[in-house]
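Student: After the structure tokens below, expect a handful of questions from me.
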Amino acid sequence: MREAELKFLLVLLLLVVLFAGGAAAWIWYGITKPYQDFAAEGVFVDVPRGASSRHVASLLKTYGVVRSALAFEIYVRRHPKRTLQAGEYFFDHAMTGREVFWKLANGQVYQQPFTVREGETMFDIARELEAAKFMRAGDFLFAAGDPALIRDFAPGAQTLEGFLFPATYELPRHPAASELTAEMVHKFKEEWKHIAPPPVAGSTDEGDRRAVNRIVTLASLVERETPKPEERPLVAGAFENRLRKGMRLQCDPTVIYGMERLGKYNGTLMGKDLSFDSLYNTYEHGGLPPGPIGNPGEASLRAALQPTRTDYLYFVANTQGGHFFGATLAEHNKNVVKYRRLLAGLPADPPPPPPPPPPVPKKKHGKQHRGKAR
């Protein structure tokens, strides 16, 4: 009897060992061998915030990313100090369960680059986000229309226009508009700390904080007027001179922005549009517009903070991306003539008049001798 029991126990123990070994081998295989049970174009898996390791494992198995949900869950539990990060992940090739774990633990979520170019308006950004299928344009404009993110930084700002810093952002497929605007404003504030002098960067006085909005508004005009970084301090200096003298800025981009806010701009600015009824129209209203007309980059912000000291009051395009500058109306009118000549395909300056012909030398006549009569 004892011998039979002993044999039974030995067989039972052997079965347990074999089962355990088989289970371990199965788990090892499920974790270390690449696996793919999804289409060749890849699959997206959205890991919810706060999801348990069991739920995540089940999701991965459902989408064909891991061979065994149980094996993956066991591997997760062996790494209690690491957390599976929430977010959307993209899988486009076979991976081991171990590689999948570390991808999620390191938060390597799916992202696409999206670039905000210098000078773009929030309307431009909204259109581009919708074109790239990140979100609806209206959702972005709704978030950008709320100035709460900068109320303590630039009181009086009506929207986030001017504070959506131009940069390249890595975005998930469907970012939340409020999170994206918050990231852009955060980027602006970080850059502002490096650009602005300490009294402005660390503003605590109400007047200093309101100066931020004025500087950003001026910078947005400078940004829209010239693409050349080296010209921007000159443009800022000319604008400051006009403001100081009480002259209207007469800046075309302010008219365009005022029209765009009301959906009236069709892509071409006509002469009649210069009288368009808008507080942003600097042909009709003195001083700066009520707020920024775009989102300036670093060079324009620096130009607005430190304009070039100059006598210039006027500037006109030179058809090469830059401008002719003038200190007087007479100089400006001459520059306008240059601009029109360039548009006509002629040199900016007319050729000099030909030199006058040399004077005709006078003929020298000898003394006439009268002959003697014979």
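Residue numbering restarts at 1 for every chain of the structure tokens, chains are lettered A, B, ... in their displayed order, and ligands are numbered from 1 as they appear.
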Pick out each residue of range 157-335 of chain A that DSSP on the backbone tags as strand (DSSP E); I need them as a list in words.

Tutor: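 Answer for range 157-335 of chain A restricted to strand (DSSP E) is Thr168, Tyr169, Glu170, Leu171, Tyr314, Phe315, Val316, Ala317, His323, Phe324, Phe325 and Gly326 of chain A.
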
Student: If DSSP is run on the backbone, what residues of range 266-323 of chain A are helix (DSSP H, G or I)? A reply as an MDAnalysis selection string would be ideal.

Tutor: chainID A and resid 271:275 298:305

Student: When distances are computed from only C-alpha atoms, which of A:Glu260, A:Glu118, A:Glu240, A:Glu130 shows the smallest separation from Pro296 in chain A?

Tutor: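 Closest residue, counting only C-alpha atoms: A:Glu118.
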
Student: List as a tab-separated table every residue of range 22-78 of chain A that is in contact with range 163-187 of chain A, defined as an atom at most 12 Å from one of its atoms (using only C-alpha atoms), together with the nearest atom pair and the distance in Å rounded to one decimal, sorted by chain and then rising number.

Tutor:
```
residue	atom	partner	partner_atom	distance
A:Phe44	CA	A:Arg173	CA	10.0
A:Val45	CA	A:Arg173	CA	11.7
A:Asp46	CA	A:Arg173	CA	10.8
```

Student: Write a file of the selected residues as a PDB file, in the first residue's frame, keeping C-alpha atoms.

Tutor:
```pdb
ATOM      1  CA  PHE A  44      -4.139  51.249 -33.231  1.00  0.00           C
ATOM      2  CA  VAL A  45      -4.720  50.305 -29.600  1.00  0.00           C
ATOM      3  CA  ASP A  46      -6.047  52.903 -27.175  1.00  0.00           C
TER       4      ASP A  46
END
```

Student: Taking 4 positions as the minimum chain separation for residues in the same chain, which residues sit within 9 Å of Ala299 in chain A when counting only C-alpha atoms? Answer as a PyMOL selection string.

Tutor: chain A and resi 219+223+229-230+232-233+303-304

Student: Using CA of Ala86 in chain A and CA of Leu129 in chain A as the two end points, give the distance in Å to one decimal.

Tutor: 23.1 Å

Student: Pick out the closest residue to Arg261 in chain A from this set: A:Tyr314, A:Lys334, A:Pro34, A:Thr121. Count only C-alpha atoms.

Tutor: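 Of all the options, A:Thr121 lies closest to Arg261 in chain A.
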
Student: Which residues come within 10 Å of range 88-99 of chain A, counting only C-alpha atoms, excluding same-chain residues fewer than 6 positions away, as number ranges by chain?

Tutor: A: 27-48, 57, 60, 63-69, 71-73, 75-76, 105, 107-111, 172-174

Student: Applying 7 Å and only C-alpha atoms, which residues near range 324-331 of chain A remain after dropping the ones on its own chain fewer than 5 positions away? List them as a list in words.

Tutor: Asp311, Tyr312, Leu313, Tyr314, Phe315, Val316, Ala317 and Asn318 of chain A

Student: For the selection you just gave me, I'd like the residues written to a file as a compact mmCIF listing (two decimals), in the first residue's frame, keeping all heavy atoms.

Tutor:
```txt
# COMPACT_ATOMS: atom_id res chain seq x y z
N ASP A 311 15.09 106.94 -37.95
CA ASP A 311 14.19 108.04 -38.33
C ASP A 311 13.09 107.56 -39.28
O ASP A 311 12.23 108.35 -39.68
CB ASP A 311 14.98 109.17 -39.01
CG ASP A 311 15.94 109.86 -38.05
OD1 ASP A 311 15.62 109.89 -36.84
OD2 ASP A 311 16.98 110.36 -38.50
N TYR A 312 13.12 106.30 -39.64
CA TYR A 312 12.17 105.80 -40.64
C TYR A 312 10.73 105.89 -40.14
O TYR A 312 10.43 105.57 -38.99
CB TYR A 312 12.48 104.35 -41.00
CG TYR A 312 13.77 104.15 -41.74
CD1 TYR A 312 14.55 103.02 -41.52
CD2 TYR A 312 14.21 105.08 -42.68
CE1 TYR A 312 15.74 102.82 -42.20
CE2 TYR A 312 15.40 104.89 -43.37
CZ TYR A 312 16.16 103.76 -43.12
OH TYR A 312 17.33 103.57 -43.79
N LEU A 313 9.88 106.32 -41.05
CA LEU A 313 8.43 106.36 -40.79
C LEU A 313 7.65 105.55 -41.82
O LEU A 313 6.48 105.22 -41.61
CB LEU A 313 7.92 107.80 -40.83
CG LEU A 313 8.37 108.74 -39.70
CD1 LEU A 313 8.00 110.18 -40.04
CD2 LEU A 313 7.74 108.31 -38.39
N TYR A 314 8.29 105.23 -42.94
CA TYR A 314 7.60 104.59 -44.04
C TYR A 314 8.43 103.41 -44.55
O TYR A 314 9.65 103.38 -44.43
CB TYR A 314 7.41 105.58 -45.21
CG TYR A 314 6.73 106.87 -44.84
CD1 TYR A 314 7.48 107.98 -44.45
CD2 TYR A 314 5.34 106.99 -44.92
CE1 TYR A 314 6.86 109.19 -44.13
CE2 TYR A 314 4.72 108.19 -44.60
CZ TYR A 314 5.48 109.27 -44.21
OH TYR A 314 4.86 110.46 -43.89
N PHE A 315 7.73 102.45 -45.14
CA PHE A 315 8.41 101.38 -45.88
C PHE A 315 7.45 100.81 -46.91
O PHE A 315 6.24 100.82 -46.74
CB PHE A 315 8.94 100.29 -44.95
CG PHE A 315 7.92 99.72 -44.00
CD1 PHE A 315 7.15 98.63 -44.33
CD2 PHE A 315 7.76 100.27 -42.72
CE1 PHE A 315 6.23 98.10 -43.45
CE2 PHE A 315 6.84 99.75 -41.83
CZ PHE A 315 6.07 98.66 -42.19
N VAL A 316 8.04 100.36 -48.02
CA VAL A 316 7.25 99.79 -49.10
C VAL A 316 8.03 98.59 -49.65
O VAL A 316 9.26 98.57 -49.60
CB VAL A 316 6.99 100.84 -50.21
CG1 VAL A 316 8.28 101.29 -50.88
CG2 VAL A 316 6.01 100.29 -51.25
N ALA A 317 7.31 97.60 -50.16
CA ALA A 317 7.94 96.36 -50.62
C ALA A 317 8.92 96.63 -51.75
O ALA A 317 8.74 97.56 -52.55
CB ALA A 317 6.87 95.37 -51.07
N ASN A 318 9.95 95.78 -51.81
CA ASN A 318 10.94 95.90 -52.88
C ASN A 318 10.87 94.73 -53.87
O ASN A 318 11.77 94.52 -54.67
CB ASN A 318 12.36 96.02 -52.33
CG ASN A 318 12.79 94.79 -51.54
OD1 ASN A 318 12.11 93.76 -51.54
ND2 ASN A 318 13.93 94.89 -50.86
```

Student: Show which residues sit within 8 Å of range 284-293 of chain A, as a list in words. Count only C-alpha atoms, and ignore same-chain residues fewer than 6 positions away.

Tutor: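 Near range 284-293 of chain A, the qualifying residues are Thr121, Ala157, Gln158, Glu161, Gly162, Asn213, Arg214, Val216, Thr217, Leu218, Ala219, Ser220, Leu221, Leu243, Gly246, Met247, Arg248, Leu249, Pro253, Thr254, Tyr257, Leu274, Ser275 and Asp277 of chain A.
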
Student: Interatomic distance between CA of Glu231 in chain A and CA of Gly345 in chain A?

Tutor: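 Between CA of Glu231 in chain A and CA of Gly345 in chain A the gap works out to 24.0 Å.
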
Student: Could you tell me how far CA of Trp102 in chain A lies from CA of Ile74 in chain A, in Å and to one decimal?

Tutor: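 A separation of 14.0 Å between them.
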
Student: May I ask which of the residues A:Val235, A:Ile256, A:Ala143, A:Leu104 is the closest one to Tyr280 in chain A, counting only C-alpha atoms?

Tutor: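 Between A:Val235, A:Ile256, A:Ala143, A:Leu104, the residue approaching Tyr280 in chain A most closely is A:Ile256.
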
Student: Given only C-alpha atoms as the basis, pick out the residue of A:Arg302, A:Arg136, A:Arg78, A:Arg224 nearest to Pro197 in chain A.

Tutor: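 Ranking A:Arg302, A:Arg136, A:Arg78, A:Arg224 by distance to Pro197 in chain A, first place goes to A:Arg302.
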